[in-house]
>>> print(open('data-v3.csv').read())   # CSV, C-alpha atoms
chain,number,residue,atom,x,y,z
A,1,MET,CA,130.1,83.4,34.2
A,2,GLU,CA,127.1,85.6,34.0
A,3,LYS,CA,127.7,87.0,37.4
A,4,ILE,CA,131.2,88.0,36.4
A,5,GLN,CA,130.0,89.6,33.2
A,6,CYS,CA,127.3,91.6,34.9
A,7,PHE,CA,129.0,92.5,38.2
A,8,PHE,CA,130.5,95.9,37.1
A,9,TYR,CA,127.5,96.6,34.8
A,10,ASP,CA,125.0,96.3,37.7
A,11,TYR,CA,127.2,98.5,39.9
A,12,PHE,CA,127.5,101.3,37.3
A,13,VAL,CA,123.7,101.1,36.6
A,14,SER,CA,123.0,101.3,40.3
A,15,ILE,CA,124.9,104.6,40.6
A,16,GLY,CA,123.0,106.2,37.8
A,17,VAL,CA,125.2,105.6,34.7
A,18,SER,CA,123.4,105.0,31.5
A,19,GLU,CA,123.1,101.4,30.1
A,20,LEU,CA,125.5,102.0,27.2
A,21,SER,CA,128.1,103.8,29.3
A,22,ALA,CA,127.7,101.0,31.9
A,23,LYS,CA,128.5,98.4,29.3
A,24,TYR,CA,131.6,100.4,28.2
A,25,PHE,CA,132.8,100.8,31.8
A,26,ASN,CA,132.0,97.1,32.4
A,27,MET,CA,134.2,96.1,29.4
A,28,ILE,CA,137.1,98.4,30.5
A,29,CYS,CA,137.1,97.0,34.0
A,30,LEU,CA,137.0,93.4,32.9
A,31,LEU,CA,139.8,94.2,30.3
A,32,LEU,CA,142.0,95.6,33.1
A,33,ILE,CA,141.3,92.6,35.3
A,34,LEU,CA,142.2,90.3,32.3
A,35,ILE,CA,145.4,92.2,31.7
A,36,ILE,CA,146.4,91.8,35.4
A,37,ILE,CA,145.5,88.1,35.3
A,38,ILE,CA,147.5,87.6,32.1
A,39,PHE,CA,150.5,89.5,33.5
A,40,ILE,CA,150.5,87.5,36.8
A,41,ALA,CA,150.0,84.2,35.0
A,42,ASP,CA,152.8,85.0,32.6
A,43,ARG,CA,155.2,85.9,35.4
A,44,ILE,CA,154.4,82.8,37.4
A,45,THR,CA,154.4,80.4,34.5
A,46,ARG,CA,157.6,81.7,33.1
A,47,ARG,CA,159.4,81.5,36.5
A,48,LEU,CA,158.2,78.0,37.1
A,49,ILE,CA,159.1,76.7,33.7
A,50,ILE,CA,162.4,78.4,33.6
A,51,ASN,CA,163.4,77.2,37.1
A,52,PHE,CA,162.3,73.7,36.3
A,53,SER,CA,164.1,73.5,33.0
A,54,SER,CA,167.3,75.0,34.5
A,55,ARG,CA,167.4,72.5,37.3
A,56,PHE,CA,166.5,69.6,35.0
A,57,SER,CA,169.3,70.6,32.6
A,58,GLU,CA,171.8,70.7,35.4
A,59,GLN,CA,171.0,67.1,36.4
A,60,THR,CA,171.1,65.5,33.0
A,61,LYS,CA,174.3,64.4,31.2
A,62,THR,CA,173.3,65.6,27.7
A,63,ASN,CA,173.9,69.2,26.8
A,64,PHE,CA,170.7,69.3,24.6
A,65,ASP,CA,168.5,70.7,27.4
A,66,ASP,CA,171.2,73.2,28.3
A,67,LEU,CA,171.2,74.4,24.7
A,68,LEU,CA,167.4,74.5,24.8
A,69,VAL,CA,167.6,76.9,27.8
A,70,ASN,CA,170.3,79.0,26.2
A,71,HIS,CA,168.1,79.5,23.1
A,72,ARG,CA,165.2,80.6,25.4
A,73,ALA,CA,162.8,77.8,24.3
A,74,PRO,CA,161.3,77.4,27.9
A,75,ARG,CA,160.8,81.1,28.2
A,76,ARG,CA,158.8,81.3,25.0
A,77,ILE,CA,156.8,78.1,25.8
A,78,ALA,CA,155.8,79.8,29.0
A,79,HIS,CA,153.9,82.5,27.0
A,80,LEU,CA,151.4,79.8,25.8
A,81,VAL,CA,149.6,79.7,29.2
A,82,PRO,CA,148.6,83.4,29.2
A,83,LEU,CA,147.7,83.1,25.6
A,84,VAL,CA,145.3,80.3,26.3
A,85,LEU,CA,143.8,82.3,29.2
A,86,THR,CA,143.4,85.3,26.9
A,87,ILE,CA,141.5,83.3,24.3
A,88,LYS,CA,139.3,81.7,27.0
A,89,LEU,CA,138.5,84.9,28.9
A,90,PHE,CA,137.9,87.2,25.9
A,91,PRO,CA,134.2,86.2,25.5
A,92,ILE,CA,133.6,87.4,29.0
A,93,VAL,CA,135.3,90.8,28.5
A,94,PHE,CA,133.6,91.6,25.2
A,95,PHE,CA,130.2,90.0,25.9
A,96,ASP,CA,128.3,93.2,25.1
A,97,PHE,CA,130.6,94.1,22.1
A,98,PRO,CA,131.1,91.0,20.0
A,99,HIS,CA,132.3,93.0,17.0
A,100,PHE,CA,135.3,94.2,19.2
A,101,GLU,CA,136.0,90.6,20.1
A,102,THR,CA,136.2,89.6,16.5
A,103,TYR,CA,139.0,92.1,15.7
A,104,ILE,CA,140.9,91.7,18.9
A,105,LEU,CA,140.7,87.9,18.7
A,106,MET,CA,142.1,88.2,15.2
A,107,LEU,CA,145.2,90.1,16.6
A,108,VAL,CA,145.6,87.4,19.3
A,109,LYS,CA,145.6,84.7,16.6
A,110,VAL,CA,148.3,86.6,14.7
A,111,TYR,CA,150.3,86.8,17.9
A,112,ALA,CA,149.8,83.1,18.5
A,113,ILE,CA,151.2,82.3,15.1
A,114,PHE,CA,154.3,84.5,15.7
A,115,LEU,CA,154.8,82.9,19.1
A,116,THR,CA,154.5,79.4,17.6
A,117,ILE,CA,157.1,80.4,14.9
A,118,TRP,CA,159.5,81.7,17.6
A,119,ILE,CA,159.1,78.5,19.7
A,120,ILE,CA,159.9,76.4,16.7
A,121,ARG,CA,162.8,78.6,15.8
A,122,SER,CA,164.3,78.2,19.3
A,123,VAL,CA,163.9,74.4,19.1
A,124,LEU,CA,165.5,74.3,15.6
A,125,LYS,CA,168.4,76.6,16.8
A,126,THR,CA,168.9,74.1,19.7
A,127,PHE,CA,169.1,71.2,17.2
A,128,GLU,CA,171.5,73.2,15.1
A,129,SER,CA,173.8,73.9,18.0
A,130,TYR,CA,173.5,70.3,19.3
A,131,PHE,CA,174.3,68.7,15.9
A,132,LYS,CA,177.4,70.9,15.6
A,133,THR,CA,178.7,69.4,18.8
A,134,LEU,CA,178.6,65.9,17.2
A,135,PRO,CA,181.9,64.9,15.6
A,136,ARG,CA,180.2,63.1,12.6
A,137,LEU,CA,178.0,66.2,11.8
A,138,ARG,CA,180.4,69.0,12.7
A,139,ASP,CA,181.5,69.5,9.1
A,140,LYS,CA,178.0,69.2,7.6
A,141,PRO,CA,176.1,72.3,6.4
A,142,ILE,CA,173.6,72.1,9.3
A,143,ASP,CA,172.8,75.9,8.9
A,144,SER,CA,171.5,75.3,5.4
A,145,TYR,CA,169.0,72.6,6.6
A,146,ILE,CA,167.8,74.7,9.5
A,147,GLN,CA,167.3,77.7,7.2
A,148,VAL,CA,165.3,75.7,4.7
A,149,VAL,CA,163.0,74.4,7.5
A,150,MET,CA,162.6,77.9,8.9
A,151,LEU,CA,161.9,79.3,5.4
A,152,PHE,CA,159.0,76.9,5.0
A,153,ILE,CA,157.7,77.7,8.5
A,154,TRP,CA,157.8,81.4,7.8
A,155,ILE,CA,156.0,80.9,4.5
A,156,ILE,CA,153.3,78.9,6.2
A,157,GLY,CA,153.1,81.3,9.1
A,158,ILE,CA,152.8,84.5,6.9
A,159,ALA,CA,150.2,82.7,4.7
A,160,SER,CA,148.2,81.8,7.8
A,161,ILE,CA,148.4,85.4,9.1
A,162,LEU,CA,147.2,86.8,5.7
A,163,ALA,CA,144.4,84.2,5.6
A,164,ILE,CA,143.3,85.3,9.1
A,165,LEU,CA,143.4,89.0,8.2
A,166,ILE,CA,141.4,88.6,5.0
A,167,ASN,CA,139.0,86.1,6.7
A,168,LEU,CA,139.8,83.3,4.2
A,169,SER,CA,140.4,79.6,4.9
A,170,PHE,CA,144.0,78.4,4.8
A,171,LEU,CA,143.4,76.0,1.9
A,172,LYS,CA,141.6,78.6,-0.2
A,173,PHE,CA,144.4,81.1,0.4
A,174,PHE,CA,147.0,78.7,-0.8
A,175,THR,CA,144.9,77.8,-3.8
A,176,THR,CA,144.7,81.5,-4.7
A,177,LEU,CA,148.5,81.8,-4.0
A,178,GLY,CA,149.2,79.1,-6.6
A,179,ALA,CA,148.3,81.5,-9.3
A,180,ALA,CA,151.2,83.7,-8.2
A,181,SER,CA,153.7,80.9,-8.0
A,182,ALA,CA,155.7,82.2,-11.0
A,183,ILE,CA,156.3,85.5,-9.1
A,184,LEU,CA,157.2,83.6,-6.0
A,185,LEU,CA,159.7,81.5,-7.9
A,186,LEU,CA,161.3,84.7,-9.3
A,187,ILE,CA,161.5,86.3,-5.8
A,188,PHE,CA,162.9,83.2,-4.2
A,189,LYS,CA,165.1,82.2,-7.1
A,190,ASP,CA,168.4,82.5,-5.2
A,191,THR,CA,167.0,80.8,-2.1
A,192,ILE,CA,165.8,77.9,-4.2
A,193,LEU,CA,169.1,77.6,-6.0
A,194,GLY,CA,170.9,77.7,-2.7
A,195,PHE,CA,168.7,75.1,-1.3
A,196,VAL,CA,169.3,72.7,-4.3
A,197,ALA,CA,173.0,73.4,-4.0
A,198,SER,CA,173.1,72.7,-0.3
A,199,ILE,CA,171.4,69.3,-0.8
A,200,GLN,CA,173.8,68.4,-3.6
A,201,VAL,CA,176.9,69.5,-1.7
A,202,ALA,CA,175.7,67.4,1.3
A,203,ILE,CA,174.9,64.3,-0.7
A,204,ASN,CA,178.1,64.4,-2.8
A,205,ASP,CA,180.2,65.5,0.2
A,206,SER,CA,182.0,67.9,-2.0
A,207,VAL,CA,182.6,70.6,0.6
A,208,ARG,CA,182.6,70.4,4.3
A,209,ILE,CA,183.0,73.0,7.0
A,210,GLY,CA,186.8,73.1,7.7
A,211,ASP,CA,187.8,72.3,4.2
A,212,TRP,CA,190.4,74.5,2.5
A,213,ILE,CA,189.1,75.6,-0.9
A,214,THR,CA,190.5,77.8,-3.7
A,215,MET,CA,188.1,79.6,-6.0
A,216,GLU,CA,189.8,82.2,-8.1
A,217,LYS,CA,186.6,83.6,-9.6
A,218,TYR,CA,185.6,84.9,-6.2
A,219,GLY,CA,189.1,85.5,-4.8
A,220,ALA,CA,188.6,82.8,-2.2
A,221,ASP,CA,191.6,80.8,-0.9
A,222,GLY,CA,191.1,79.6,2.6
A,223,GLU,CA,189.0,77.5,5.1
A,224,VAL,CA,185.3,77.1,4.9
A,225,ILE,CA,183.8,78.4,8.2
A,226,GLU,CA,180.1,78.4,7.3
A,227,ILE,CA,177.7,76.9,4.8
A,228,ASN,CA,174.2,78.3,4.8
A,229,LEU,CA,171.3,78.6,2.4
A,230,SER,CA,172.6,81.6,0.4
A,231,THR,CA,176.3,81.9,1.0
A,232,VAL,CA,179.5,80.0,1.8
A,233,GLN,CA,181.9,81.9,4.1
A,234,VAL,CA,185.6,81.3,3.5
A,235,GLN,CA,188.3,82.7,5.8
A,236,ASN,CA,191.3,83.3,3.5
A,237,PHE,CA,194.9,82.8,4.5
A,238,ASP,CA,195.2,86.6,5.2
A,239,MET,CA,192.2,86.3,7.6
A,240,THR,CA,189.8,88.2,5.2
A,241,ILE,CA,186.4,86.7,4.7
A,242,THR,CA,185.0,85.9,1.2
A,243,ASN,CA,181.3,85.2,0.7
A,244,ILE,CA,180.6,82.8,-2.2
A,245,PRO,CA,177.0,82.0,-3.4
A,246,THR,CA,176.1,78.5,-2.4
A,247,PHE,CA,174.9,77.7,-5.9
A,248,ALA,CA,178.5,78.5,-7.2
A,249,LEU,CA,179.7,75.3,-5.6
A,250,ILE,CA,177.8,73.3,-8.2
A,251,SER,CA,178.0,75.7,-11.1
A,252,ASP,CA,181.6,76.9,-11.0
A,253,SER,CA,185.0,75.1,-10.7
A,254,TYR,CA,187.0,75.3,-7.5
A,255,LYS,CA,189.8,73.3,-5.8
A,256,ASN,CA,189.2,71.5,-2.5
A,257,TRP,CA,192.4,70.6,-0.6
A,258,ARG,CA,190.7,68.0,1.6
A,259,GLY,CA,192.2,65.2,-0.4
A,260,MET,CA,195.7,66.4,0.4
A,261,GLN,CA,194.9,67.0,4.0
A,262,SER,CA,193.4,63.6,4.5
A,263,SER,CA,196.2,61.8,2.6
A,264,GLY,CA,199.6,60.8,4.0
A,265,GLY,CA,201.5,63.8,2.6
A,266,ARG,CA,201.5,67.0,0.6
A,267,ARG,CA,202.8,66.9,-2.9
A,268,ILE,CA,206.1,68.5,-3.9
A,269,LYS,CA,206.4,69.0,-7.7
A,270,ARG,CA,209.1,71.4,-8.9
A,271,SER,CA,211.8,71.4,-11.5
A,272,ILE,CA,215.4,72.5,-11.8
A,273,ILE,CA,216.2,73.7,-15.4
A,274,LEU,CA,219.7,72.6,-16.4
A,275,LYS,CA,221.7,73.8,-19.4
A,276,ALA,CA,221.7,71.1,-22.0
A,277,SER,CA,225.3,72.0,-23.0
A,278,SER,CA,226.6,71.0,-19.5
A,279,ILE,CA,225.4,67.3,-19.9
A,280,LYS,CA,228.2,65.0,-20.8
A,281,TYR,CA,229.7,61.5,-20.5
A,282,LEU,CA,231.8,60.7,-17.5
A,283,THR,CA,235.5,59.8,-17.8
A,284,GLU,CA,237.2,57.4,-15.5
A,285,ASP,CA,238.7,60.3,-13.5
A,286,ARG,CA,235.3,61.8,-12.9
A,287,ILE,CA,233.8,58.5,-12.0
A,288,GLU,CA,236.5,58.0,-9.3
A,289,THR,CA,235.7,61.5,-8.0
A,290,PHE,CA,231.9,60.9,-7.8
A,291,LYS,CA,232.6,57.7,-5.8
A,292,LYS,CA,233.5,59.9,-2.9
A,293,ILE,CA,229.9,61.1,-2.7
A,294,GLN,CA,228.6,58.7,-0.1
A,295,LEU,CA,225.0,58.6,-1.1
A,296,ILE,CA,225.8,57.1,-4.5
A,297,THR,CA,229.1,55.3,-3.9
A,298,ASN,CA,227.5,51.8,-4.0
A,299,TYR,CA,225.4,52.8,-7.0
A,300,ILE,CA,228.4,54.0,-9.0
A,301,GLU,CA,230.5,51.0,-8.2
A,302,THR,CA,227.8,48.6,-9.2
A,303,ARG,CA,226.9,50.5,-12.2
A,304,GLN,CA,230.5,50.8,-13.4
A,305,LYS,CA,231.0,47.0,-13.0
A,306,ASP,CA,228.0,46.3,-15.2
A,307,ILE,CA,229.0,48.8,-17.8
A,308,ASN,CA,232.6,47.6,-18.0
A,309,SER,CA,231.5,44.0,-18.2
A,310,PHE,CA,229.1,44.8,-21.0
A,311,ASN,CA,231.7,46.8,-23.0
A,312,GLN,CA,234.4,44.0,-22.6
A,313,ASN,CA,232.0,41.3,-23.7
A,314,GLN,CA,231.0,43.3,-26.7
A,315,ASN,CA,234.6,44.3,-27.5
A,316,ILE,CA,233.7,48.0,-27.4
A,317,ASP,CA,236.4,50.4,-28.5
A,318,LYS,CA,236.5,52.9,-25.6
A,319,ASP,CA,239.1,55.1,-27.2
A,320,ILE,CA,236.1,57.2,-28.2
A,321,LEU,CA,233.9,57.8,-25.2
A,322,ILE,CA,230.6,57.7,-27.0
A,323,ASN,CA,231.1,54.0,-27.9
A,324,GLY,CA,229.3,51.4,-25.9
A,325,ARG,CA,227.6,52.1,-22.6
A,326,ASN,CA,228.5,55.0,-20.4
A,327,MET,CA,227.4,57.0,-17.4
A,328,THR,CA,226.5,60.7,-17.7
A,329,ASN,CA,226.8,63.4,-15.1
A,330,LEU,CA,223.0,64.0,-15.5
A,331,GLY,CA,222.2,60.4,-14.8
A,332,VAL,CA,224.4,60.3,-11.8
A,333,PHE,CA,223.0,63.6,-10.5
A,334,ARG,CA,219.4,62.2,-11.0
A,335,LYS,CA,220.3,59.1,-9.0
A,336,TYR,CA,221.8,61.3,-6.3
A,337,LEU,CA,218.7,63.4,-5.9
A,338,GLN,CA,216.5,60.2,-5.9
A,339,THR,CA,218.6,58.8,-3.1
A,340,TYR,CA,218.8,62.0,-1.2
A,341,ILE,CA,215.0,62.4,-1.2
A,342,GLU,CA,214.5,58.7,-0.3
A,343,ASN,CA,216.7,59.3,2.8
A,344,HIS,CA,215.1,62.7,3.7
A,345,SER,CA,213.5,62.6,7.1
A,346,ALA,CA,210.6,64.9,6.2
A,347,ILE,CA,209.5,62.9,3.1
A,348,ASN,CA,206.7,60.2,3.3
A,349,LYS,CA,208.5,57.0,2.2
A,350,GLU,CA,205.2,55.2,1.6
A,351,MET,CA,204.1,57.6,-1.1
A,352,PHE,CA,205.4,58.1,-4.6
A,353,ILE,CA,209.0,59.4,-4.9
A,354,MET,CA,210.5,60.1,-8.3
A,355,VAL,CA,213.1,62.3,-10.0
A,356,ARG,CA,212.5,62.5,-13.7
A,357,GLN,CA,213.5,64.4,-16.9
A,358,LEU,CA,210.8,66.5,-18.6
A,359,GLU,CA,210.7,67.4,-22.2
A,360,PRO,CA,213.5,69.8,-23.2
A,361,THR,CA,212.6,73.4,-23.6
A,362,PRO,CA,214.4,76.4,-25.3
A,363,GLN,CA,215.7,77.3,-21.8
A,364,GLY,CA,217.2,73.8,-21.1
A,365,LEU,CA,216.3,70.4,-19.6
A,366,PRO,CA,213.9,70.4,-16.7
A,367,LEU,CA,214.7,67.9,-13.9
A,368,GLU,CA,211.6,67.4,-11.8
A,369,ILE,CA,211.4,66.3,-8.2
A,370,TYR,CA,208.1,64.6,-7.4
A,371,CYS,CA,207.4,63.4,-3.8
A,372,PHE,CA,205.2,64.1,-0.8
A,373,SER,CA,206.2,65.8,2.5
A,374,SER,CA,205.0,64.0,5.7
A,375,ASP,CA,204.1,67.4,7.3
A,376,LYS,CA,201.1,69.0,5.5
A,377,ARG,CA,201.1,72.3,7.4
A,378,TRP,CA,201.7,75.1,5.0
A,379,GLU,CA,204.6,76.7,6.7
A,380,ASN,CA,206.4,73.4,7.4
A,381,TYR,CA,205.7,72.2,3.8
A,382,GLU,CA,207.3,75.3,2.4
A,383,TYR,CA,210.3,74.9,4.7
A,384,ILE,CA,210.7,71.2,3.6
A,385,MET,CA,210.5,72.0,-0.1
A,386,SER,CA,212.9,74.9,0.2
A,387,ASP,CA,215.3,72.7,2.2
A,388,ILE,CA,215.3,70.1,-0.6
A,389,PHE,CA,215.9,72.6,-3.4
A,390,ASP,CA,218.5,74.5,-1.4
A,391,HIS,CA,220.5,71.3,-1.3
A,392,ALA,CA,219.7,70.3,-4.9
A,393,LEU,CA,220.8,73.7,-6.3
A,394,ALA,CA,223.9,73.7,-4.3
A,395,ALA,CA,224.8,70.1,-5.5
A,396,VAL,CA,224.5,70.9,-9.2
A,397,PRO,CA,228.1,72.2,-9.7
A,398,TYR,CA,229.5,69.1,-8.0
A,399,PHE,CA,228.3,67.1,-11.0
A,400,ASP,CA,229.7,69.5,-13.7
A,401,LEU,CA,226.2,70.7,-14.5
A,402,GLU,CA,225.0,74.2,-14.9
A,403,ILE,CA,221.6,75.8,-14.0
A,404,PHE,CA,219.9,77.9,-16.7
A,405,GLU,CA,219.7,81.6,-16.1
A,406,LEU,CA,218.5,84.3,-18.4
A,407,THR,CA,221.3,86.5,-19.6
A,408,PRO,CA,220.8,90.2,-20.6
A,409,GLY,CA,219.4,90.5,-24.1
A,410,PHE,CA,218.1,86.9,-24.2
A,411,LYS,CA,214.8,86.5,-26.1
A,412,PRO,CA,213.1,83.1,-25.8
A,413,SER,CA,211.8,81.8,-29.0
>>> encode(input="data-v3.csv", output="structure tokens")
Amino acid sequence: MEKIQCFFYDYFVSIGVSELSAKYFNMICLLLILIIIIFIADRITRRLIINFSSRFSEQTKTNFDDLLVNHRAPRRIAHLVPLVLTIKLFPIVFFDFPHFETYILMLVKVYAIFLTIWIIRSVLKTFESYFKTLPRLRDKPIDSYIQVVMLFIWIIGIASILAILINLSFLKFFTTLGAASAILLLIFKDTILGFVASIQVAINDSVRIGDWITMEKYGADGEVIEINLSTVQVQNFDMTITNIPTFALISDSYKNWRGMQSSGGRRIKRSIILKASSIKYLTEDRIETFKKIQLITNYIETRQKDINSFNQNQNIDKDILINGRNMTNLGVFRKYLQTYIENHSAINKEMFIMVRQLEPTPQGLPLEIYCFSSDKRWENYEYIMSDIFDHALAAVPYFDLEIFELTPGFKPS
């Protein structure tokens, strides 16, 4: 060690250079040699580690090591070897100038902290990419968790760098930093709120990547493509991107369509408004005519027998149609729609099917169709619903009913 330290010094002294200049020349020569050694060590170490990791990843079945290579973790780990060499050889280079060694060693420690952070970041990015390939974790906000960990690592790293630069111990620095915690909370308010929201969203499983959500406040109506610490990215149906603050998922209301997507069908709930004046009892002639409608032939025959039997047993005077029990064109039409929907090939028969009257309005009597389409895709769902109502609207006149339409000059009360 001493021979290496004094080699260039003795040479420069022997050729007549002053002692102080010889020391400077000795330090410069040793520094150049150190830089060459570090450069060679870095190149060799990096090539060996990268080649080994690449060959190893090709032979394994898991893709974790492939992702590790893709995120350049082995390349950054290779920089540790020249870093260690630098720290070990610095005392030799700056033997005659210890004050130089103090400042330069401080910079090396700062570099070591940054290198450590980048290595950890590469490993965390690898875990992030790997977890996203797992089916059970694909819809989880992995980005948020990785960002939270990286946030704490950067805080610790920056605090360590500041502690090194002001020559203060790490614990004392954090003790001093505690006094400024209120300012830090104010600066990182959005990050902290996003962190809390990410945890609650994950625990409650309220939103996943791939869910279709509607949030009118932010103009979002589409599929969640990313959930991170600060924002939730939603790709709308028109392919635009909306960014929603993560905290808004627990502070504001929104609609998540996952329940519909995971169920057996998509709900159809729409009404036809009929004129109340077109509703009437059926005469024998009209009943005979309606029997020709095949979907309700059996229903009308059975229903007519029950009504006639009741009226005869009760000696009902049928000279006036209102007496006793009767069928109405609205009731028959309602039964027709019920039967038609129950026989429709695109309707889920295992889910609720109903045709019902709603409360009369000034415009007329709403007749609501409530059922679920088997196909949940938006374009197919709209086609199925339109197909049902095309048929229903066209069928209305066959039952002597009329659909309400606004006439010129009409003013609803």
>>> closest_residue(input="data-v3.csv", among="A:Lys280, A:Arg55, A:Arg270, A:Lys335", to="Ile322 (chain A)", atoms="all atoms listed in the file")
A:Lys280
>>> residues_around(input="data-v3.csv", residues="region 230-235 of chain A", least_positions_apart="6", cutoff="10 Å", atoms="all atoms listed in the file", output="PyMOL selection string")
chain A and resi 141+144+147+190-195+197-198+207+209-215+219-224+241-249
>>> atom_distance(input="data-v3.csv", atom1="CA of Asn315 (chain A)", atom2="CA of Tyr281 (chain A)")
19.2 Å
>>> residues_around(input="data-v3.csv", residues="Ser53 (chain A)", least_positions_apart="6", cutoff="9 Å", atoms="only C-alpha atoms", output="list of chain:residue names")
A:Asp65, A:Asp66, A:Leu68, A:Val69, A:Pro74
>>> residues_around(input="data-v3.csv", residues="region 80-88 of chain A", least_positions_apart="3", cutoff="7 Å", atoms="all atoms listed in the file", output="list in words")
Ile38, Ala41, Asp42, Ile77 and Pro91 of chain A
>>> atom_distance(input="data-v3.csv", atom1="CA of Val396 (chain A)", atom2="CA of Thr361 (chain A)")
18.8 Å
>>> residues_around(input="data-v3.csv", residues="region 309-312 of chain A", least_positions_apart="5", cutoff="10 Å", atoms="all atoms listed in the file", output="CSV table (one decimal) with C-alpha atoms, in the coordinates of the input")
chain,number,residue,atom,x,y,z
A,303,ARG,CA,226.9,50.5,-12.2
A,304,GLN,CA,230.5,50.8,-13.4
A,317,ASP,CA,236.4,50.4,-28.5
A,318,LYS,CA,236.5,52.9,-25.6
A,323,ASN,CA,231.1,54.0,-27.9
A,324,GLY,CA,229.3,51.4,-25.9
A,325,ARG,CA,227.6,52.1,-22.6
A,326,ASN,CA,228.5,55.0,-20.4
>>> closest_residue(input="data-v3.csv", among="A:Gly265, A:Leu34, A:Asp285, A:Ile279", to="Lys376 (chain A)", atoms="all atoms listed in the file")
A:Gly265
>>> atom_distance(input="data-v3.csv", atom1="CA of His391 (chain A)", atom2="CA of Pro362 (chain A)")
25.3 Å
>>> residues_around(input="data-v3.csv", residues="His344 (chain A)", least_positions_apart="6", cutoff="12 Å", atoms="only C-alpha atoms", output="count of residues only")
13
>>> closest_residue(input="data-v3.csv", among="A:Met351, A:Ile113, A:Ile120, A:Met106", to="Ile164 (chain A)", atoms="only C-alpha atoms")
A:Met106
>>> closest_residue(input="data-v3.csv", among="A:Val108, A:Ala394, A:Leu401, A:Ile158", to="Val332 (chain A)", atoms="all atoms listed in the file")
A:Leu401
>>> residues_near_point(input="data-v3.csv", point="(221.3, 79.4, -12.7)", cutoff="12 Å", atoms="all atoms listed in the file", output="ChimeraX atom specification")
/A:272-275,363-364,393-394,396-397,401-407
>>> closest_residue(input="data-v3.csv", among="A:Lys305, A:Arg334, A:Lys349, A:Arg47", to="Gly264 (chain A)", atoms="only C-alpha atoms")
A:Lys349
>>> closest_residue(input="data-v3.csv", among="A:Arg75, A:Glu301, A:Glu368, A:Gln294", to="Ser54 (chain A)", atoms="only C-alpha atoms")
A:Arg75
>>> residues_near_point(input="data-v3.csv", point="(183.5, 66.8, -4.5)", cutoff="10 Å", atoms="only C-alpha atoms", output="list in words")
Gln200, Val201, Ala202, Ile203, Asn204, Asp205, Ser206, Val207, Arg208, Leu249, Ile250, Tyr254, Lys255, Asn256, Arg258 and Gly259 of chain A
>>> build_atoms(input="data-v3.csv", residues="region 70-81 of chain A", atoms="N, CA and C atoms", output="PDB file, in the frame of the given file")
ATOM      1  N   ASN A  70     169.476  77.858  26.694  1.00  0.00           N
ATOM      2  CA  ASN A  70     170.300  79.000  26.200  1.00  0.00           C
ATOM      3  C   ASN A  70     169.546  79.673  24.995  1.00  0.00           C
ATOM      4  N   HIS A  71     168.794  78.901  24.218  1.00  0.00           N
ATOM      5  CA  HIS A  71     168.100  79.500  23.100  1.00  0.00           C
ATOM      6  C   HIS A  71     166.651  79.923  23.489  1.00  0.00           C
ATOM      7  N   ARG A  72     166.379  79.983  24.794  1.00  0.00           N
ATOM      8  CA  ARG A  72     165.200  80.600  25.400  1.00  0.00           C
ATOM      9  C   ARG A  72     163.891  79.872  24.961  1.00  0.00           C
ATOM     10  N   ALA A  73     163.971  78.582  24.662  1.00  0.00           N
ATOM     11  CA  ALA A  73     162.800  77.800  24.300  1.00  0.00           C
ATOM     12  C   ALA A  73     161.775  77.759  25.491  1.00  0.00           C
ATOM     13  N   PRO A  74     162.217  77.421  26.731  1.00  0.00           N
ATOM     14  CA  PRO A  74     161.300  77.400  27.900  1.00  0.00           C
ATOM     15  C   PRO A  74     160.592  78.713  28.122  1.00  0.00           C
ATOM     16  N   ARG A  75     161.330  79.806  27.984  1.00  0.00           N
ATOM     17  CA  ARG A  75     160.800  81.100  28.200  1.00  0.00           C
ATOM     18  C   ARG A  75     159.625  81.419  27.239  1.00  0.00           C
ATOM     19  N   ARG A  76     159.811  81.023  25.983  1.00  0.00           N
ATOM     20  CA  ARG A  76     158.800  81.300  25.000  1.00  0.00           C
ATOM     21  C   ARG A  76     157.600  80.320  25.116  1.00  0.00           C
ATOM     22  N   ILE A  77     157.892  79.089  25.530  1.00  0.00           N
ATOM     23  CA  ILE A  77     156.800  78.100  25.800  1.00  0.00           C
ATOM     24  C   ILE A  77     155.917  78.624  26.909  1.00  0.00           C
ATOM     25  N   ALA A  78     156.524  79.311  27.887  1.00  0.00           N
ATOM     26  CA  ALA A  78     155.800  79.800  29.000  1.00  0.00           C
ATOM     27  C   ALA A  78     154.694  80.821  28.607  1.00  0.00           C
ATOM     28  N   HIS A  79     154.882  81.496  27.486  1.00  0.00           N
ATOM     29  CA  HIS A  79     153.900  82.500  27.000  1.00  0.00           C
ATOM     30  C   HIS A  79     152.621  81.816  26.510  1.00  0.00           C
ATOM     31  N   LEU A  80     152.622  80.497  26.340  1.00  0.00           N
ATOM     32  CA  LEU A  80     151.400  79.800  25.800  1.00  0.00           C
ATOM     33  C   LEU A  80     150.300  79.833  26.874  1.00  0.00           C
ATOM     34  N   VAL A  81     150.649  79.756  28.147  1.00  0.00           N
ATOM     35  CA  VAL A  81     149.600  79.700  29.200  1.00  0.00           C
ATOM     36  C   VAL A  81     148.804  81.010  29.225  1.00  0.00           C
TER      37      VAL A  81
END
